[in-house]
Structures are given as C-alpha cells and as structure tokens.
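Worksheet: the structure to be examined is printed underneath.
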Amino acid sequence: MERLAGIFPRLWSLKSLALGCYLLSQGMLLAQNLTVIGGTSFQKQLTACIERVTAEDLDRLPGLDHSMTIVILEHERFLQVKDSFRAYRTKLAFSNPSTRRIYLSSDVFKNLDTALRCIPHELGHFVTQSVYEDHAEIAAGTIRKRAHEVCTRPAVPDPPRTLSSQASSLRPPIGTE
Ligand SMILES: [Zn+2]
C-alpha cells in the first residue's frame with residue numbers, strides 16, 4: 001500500500017475556523033474545486049467520480065480551502081516526481097497535503113481493483129487529515145464501497161472499443177442466399 005514517506009507537514013494539524021457545510025452541486029459539477037491534471041479522459045472521469053464520493057466529507061473539514069488537485073503521471077514520470085518528494089516507499093500514489101495534491105501513476109489505472117485500492121486510500125488521508133495508514137484505510141473502506149456502487153457502472157464506461165473492430169465481427173454471413 002502506498003505510503004506518505006513523511007511528507008505530511010506539521011501544518012496539517014493546524015485547525016482553522018469551520019464555516020459549516022457547503023451544499024454539493026448536483027449533476028456533473030465537481031464539488032470543492034477538483035482539478036484533475038493529466039491522464040486519459042477515462043482516467044480523469046474515474047478519478048473525478050471517486051473523488052466526488054468524498055466531496056461531502058472534505059467540505060465538512062475545517063479550513064477555507066477544500067480544493068483538491070489530482071495529478072496523473074505516466075509511470076516513469078511518476079517515479080521521478082515521487083523521488084523528488086522523497087516518497088521512496090510508495091509505488092503508485094502519494095499525497096502532498098500542503099498543496100492539496102494527490103499524485104497517481106498511470107499504473108493505478110491498469111485495472112479497476114488497483115484504482116479502487118489506491119485512489120480511496122489517498123483520499124482517506126485527506127478525509128481523516130491523518131498521516132497514519134490505518135486511519136486512511138478506515139476512511140478508504142467507506143469510500144471504496146461507495147465508489148464501487150457509483151463509479152463502476154454506466155457513468156464510467158469501459159474504455160471505448162473501436163467501431164471498426166465491432167463492425168467486422170458483425171459482418172453478415174456470406175453465401176447463404
Ligand atoms: Zn497512505
């Protein structure tokens with residue numbers, strides 16, 4: 001499981017005034033200013049869907065800034081970036097709470113299980129405001145369950161198959177008439 005490698009700063013524990021809950025926007029609007037950088041449209045869509053699951057919890061947290069940026073990097077680039085953050089122990093994902101960023105390797109999206117393991121875990125750190133893996137995992141369990149219900153059905157379709165490959169398999173039988 002991905003680790004934070006001690007990059008959570010002390011500021012993380014500072015409490016600011018809570019301004020109460022913000023009502024979530026309906027529909028496709030992203031709550032609390034999510035930005036997803038990089039990745040394919042499918043990766044972006046799945047990431048945004050999983051993040052939306054946590055929006056209500058994140059908006060409830062103290063502080064004014066509830067924005068979130070998720071950066072999806074090709075795996076080679078991810079390895080360089082994580083080393084620059086000294087996140088040596090992580091393999092696929094890590095978080096930087098001071099900039100409210102989550103960094104994901106594109107390998108997170110190799111399959112749905114990995115995506116549903118890594119993304120909720122990182123979000124779990126933000127929801128619990130904790131550097132501890134077990135705290136993050138408790139929150140991640142709830143996020144995973146909801147993400148599985150909400151994000152793995154038609155709202156997030158499978159990567160598109162080309163029409164031509166479908167068309168060739170639908171070729172009419174030959175020579176029967
Ligand atoms: Zn972690």
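FYI, nothing fancy with the structure tokens labels: chains A, B, ... in order, residues from 1 per chain, ligands from 1 as they appear.
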
Please identify all protein, DNA and RNA residues within 10 Å of ligand 1, counting only C-alpha atoms and all ligand atoms, and report them as a list in words.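 Those residues are Met1, Glu2, Arg3, Leu4, Ala5, Thr90, Ala93, Phe94, Ser95, Cys118, Pro120, His121, Glu122, Leu123, Gly124, His125, Ser130, Val131, Tyr132, Glu133, Asp134, His135, Ala136, Glu137 and Ala140 of chain A.
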
Members of region 53-129 of chain A assigned helix (DSSP H, G or I) by DSSP, as number ranges by chain: A: 53-59, 75-84, 106-109, 112-128

How about saving the chosen residues, N, CA and C atoms kept, as a CSV table (one decimal), in the first residue's frame?
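Final file, part-v4.csv:
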```
chain,number,residue,atom,x,y,z
A,53,VAL,N,-17.2,11.1,-4.4
A,53,VAL,CA,-17.7,10.3,-3.3
A,53,VAL,C,-17.3,10.9,-2.0
A,54,THR,N,-16.1,11.6,-1.9
A,54,THR,CA,-15.6,12.1,-0.7
A,54,THR,C,-15.9,13.6,-0.5
A,55,ALA,N,-16.5,14.2,-1.5
A,55,ALA,CA,-16.7,15.7,-1.5
A,55,ALA,C,-17.4,16.2,-0.2
A,56,GLU,N,-18.4,15.5,0.1
A,56,GLU,CA,-19.2,15.9,1.3
A,56,GLU,C,-18.3,15.9,2.6
A,57,ASP,N,-17.5,14.8,2.7
A,57,ASP,CA,-16.6,14.7,3.9
A,57,ASP,C,-15.5,15.8,3.8
A,58,LEU,N,-15.0,16.0,2.6
A,58,LEU,CA,-13.9,17.0,2.5
A,58,LEU,C,-14.4,18.4,2.8
A,59,ASP,N,-15.7,18.7,2.3
A,59,ASP,CA,-16.2,20.0,2.5
A,59,ASP,C,-16.5,20.3,4.0
A,75,HIS,N,4.0,6.4,-15.7
A,75,HIS,CA,4.7,5.8,-14.6
A,75,HIS,C,6.1,6.3,-14.4
A,76,GLU,N,6.8,6.4,-15.5
A,76,GLU,CA,8.2,6.8,-15.5
A,76,GLU,C,8.3,8.2,-14.8
A,77,ARG,N,7.5,9.1,-15.3
A,77,ARG,CA,7.5,10.4,-14.7
A,77,ARG,C,7.1,10.4,-13.3
A,78,PHE,N,6.1,9.6,-12.9
A,78,PHE,CA,5.7,9.4,-11.5
A,78,PHE,C,6.8,9.1,-10.6
A,79,LEU,N,7.7,8.1,-11.1
A,79,LEU,CA,8.8,7.7,-10.3
A,79,LEU,C,9.8,8.8,-10.1
A,80,GLN,N,10.0,9.7,-11.1
A,80,GLN,CA,10.8,10.9,-10.9
A,80,GLN,C,10.3,11.8,-9.9
A,81,VAL,N,8.9,12.1,-10.0
A,81,VAL,CA,8.3,13.1,-9.1
A,81,VAL,C,8.3,12.6,-7.7
A,82,LYS,N,8.0,11.3,-7.5
A,82,LYS,CA,7.9,10.8,-6.1
A,82,LYS,C,9.3,10.8,-5.4
A,83,ASP,N,10.3,10.6,-6.2
A,83,ASP,CA,11.7,10.7,-5.7
A,83,ASP,C,12.0,12.1,-5.3
A,84,SER,N,11.5,13.1,-6.1
A,84,SER,CA,11.8,14.5,-5.8
A,84,SER,C,11.0,14.9,-4.5
A,106,SER,N,0.1,6.4,-13.7
A,106,SER,CA,-0.9,5.8,-14.7
A,106,SER,C,-1.1,4.4,-14.5
A,107,ASP,N,-0.1,3.7,-13.8
A,107,ASP,CA,-0.3,2.3,-13.5
A,107,ASP,C,-1.5,2.0,-12.5
A,108,VAL,N,-1.9,3.1,-11.8
A,108,VAL,CA,-3.0,2.9,-10.9
A,108,VAL,C,-4.3,2.4,-11.7
A,109,PHE,N,-4.3,2.8,-13.0
A,109,PHE,CA,-5.5,2.5,-13.8
A,109,PHE,C,-5.3,1.2,-14.6
A,112,LEU,N,-9.3,-2.0,-12.5
A,112,LEU,CA,-10.2,-1.3,-11.6
A,112,LEU,C,-9.9,-1.5,-10.1
A,113,ASP,N,-9.5,-2.8,-9.8
A,113,ASP,CA,-9.1,-3.1,-8.4
A,113,ASP,C,-8.0,-2.2,-7.9
A,114,THR,N,-7.0,-2.0,-8.7
A,114,THR,CA,-5.9,-1.1,-8.3
A,114,THR,C,-6.4,0.3,-8.1
A,115,ALA,N,-7.2,0.8,-9.0
A,115,ALA,CA,-7.7,2.2,-8.9
A,115,ALA,C,-8.6,2.3,-7.7
A,116,LEU,N,-9.4,1.3,-7.4
A,116,LEU,CA,-10.2,1.4,-6.2
A,116,LEU,C,-9.5,1.1,-4.9
A,117,ARG,N,-8.3,0.6,-5.0
A,117,ARG,CA,-7.4,0.5,-3.8
A,117,ARG,C,-6.7,1.8,-3.6
A,118,CYS,N,-6.1,2.3,-4.6
A,118,CYS,CA,-5.1,3.4,-4.4
A,118,CYS,C,-5.8,4.8,-4.2
A,119,ILE,N,-6.8,5.1,-5.1
A,119,ILE,CA,-7.4,6.4,-5.0
A,119,ILE,C,-8.1,6.7,-3.7
A,120,PRO,N,-9.0,5.7,-3.3
A,120,PRO,CA,-9.7,5.9,-2.0
A,120,PRO,C,-8.7,6.0,-0.8
A,121,HIS,N,-7.6,5.3,-0.9
A,121,HIS,CA,-6.6,5.3,0.2
A,121,HIS,C,-6.0,6.7,0.3
A,122,GLU,N,-5.6,7.3,-0.8
A,122,GLU,CA,-5.0,8.7,-0.7
A,122,GLU,C,-6.1,9.7,-0.3
A,123,LEU,N,-7.3,9.5,-0.8
A,123,LEU,CA,-8.4,10.4,-0.3
A,123,LEU,C,-8.6,10.2,1.2
A,124,GLY,N,-8.5,9.0,1.6
A,124,GLY,CA,-8.7,8.7,3.1
A,124,GLY,C,-7.7,9.5,3.9
A,125,HIS,N,-6.5,9.8,3.5
A,125,HIS,CA,-5.6,10.7,4.2
A,125,HIS,C,-6.2,12.1,4.4
A,126,PHE,N,-6.8,12.6,3.3
A,126,PHE,CA,-7.4,13.9,3.4
A,126,PHE,C,-8.6,14.0,4.2
A,127,VAL,N,-9.5,12.9,4.1
A,127,VAL,CA,-10.7,12.9,4.9
A,127,VAL,C,-10.4,12.8,6.3
A,128,THR,N,-9.4,12.0,6.7
A,128,THR,CA,-9.1,11.9,8.1
A,128,THR,C,-8.0,12.9,8.6
```

Please give the complete set of residues from region 54-168 of chain A that DSSP, run on the backbone, assigns to strand (DSSP E or B), formatted as number ranges by chain. A: 68-73, 93-96, 101-105

Please produce a file of the residues just selected, as a PDB file, in the first residue's frame, where the atoms kept are C-alpha atoms.
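Saved result, part-v1.pdb, follows:
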```
ATOM      1  CA  MET A  68      -8.199  19.225  -4.480  1.00  0.00           C
ATOM      2  CA  THR A  69      -5.802  18.606  -7.330  1.00  0.00           C
ATOM      3  CA  ILE A  70      -5.109  15.124  -8.580  1.00  0.00           C
ATOM      4  CA  VAL A  71      -2.153  14.707 -10.915  1.00  0.00           C
ATOM      5  CA  ILE A  72      -1.967  11.630 -13.118  1.00  0.00           C
ATOM      6  CA  LEU A  73       1.523  10.942 -14.459  1.00  0.00           C
ATOM      7  CA  ALA A  93       0.414   7.022  -5.397  1.00  0.00           C
ATOM      8  CA  PHE A  94       1.189   9.593  -2.763  1.00  0.00           C
ATOM      9  CA  SER A  95      -0.295  12.766  -1.320  1.00  0.00           C
ATOM     10  CA  ASN A  96       1.055  16.201  -0.530  1.00  0.00           C
ATOM     11  CA  ARG A 101      -2.398  17.314  -4.280  1.00  0.00           C
ATOM     12  CA  ILE A 102      -2.579  13.617  -4.909  1.00  0.00           C
ATOM     13  CA  TYR A 103      -0.107  12.156  -7.399  1.00  0.00           C
ATOM     14  CA  LEU A 104      -1.109   8.990  -9.218  1.00  0.00           C
ATOM     15  CA  SER A 105       0.931   6.783 -11.505  1.00  0.00           C
TER      16      SER A 105
END
```

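Close contacts of Cys49 (chain A), defined as residues with an atom at most 8 Å away when counting only C-alpha atoms, with chain neighbours fewer than 4 positions off set aside, comprise Gln45, Val53, Ala147, Val150 and Cys151 of chain A.
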
Keeping only N, CA and C atoms, write the selected residues to a file as a compact mmCIF listing (two decimals), in the first residue's frame.
```txt
# COMPACT_ATOMS: atom_id res chain seq x y z
N GLN A 45 -12.15 10.72 -15.68
CA GLN A 45 -13.55 10.54 -15.32
C GLN A 45 -13.67 9.63 -14.08
N VAL A 53 -17.16 11.10 -4.41
CA VAL A 53 -17.69 10.32 -3.29
C VAL A 53 -17.30 10.93 -1.95
N ALA A 147 -17.65 4.17 -4.02
CA ALA A 147 -17.10 4.34 -5.36
C ALA A 147 -17.45 3.14 -6.23
N VAL A 150 -21.06 3.69 -7.23
CA VAL A 150 -21.35 4.87 -8.04
C VAL A 150 -20.52 4.92 -9.32
N CYS A 151 -19.27 4.49 -9.25
CA CYS A 151 -18.33 4.79 -10.33
C CYS A 151 -18.05 3.63 -11.26
```

Expressed in Å to a single decimal, how great is the separation between CA of Leu61 (chain A) and CA of Gln129 (chain A)?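 Answer for the CA of Leu61 (chain A) to CA of Gln129 (chain A) separation: 8.8 Å.
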
Check the smallest atom-to-atom distance from each of A:Lys91, A:Arg100, A:Arg86, A:Arg60 to Leu34 (chain A) using only C-alpha atoms, then report the winner.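 Among the listed residues, A:Arg100 lies closest to Leu34 (chain A).
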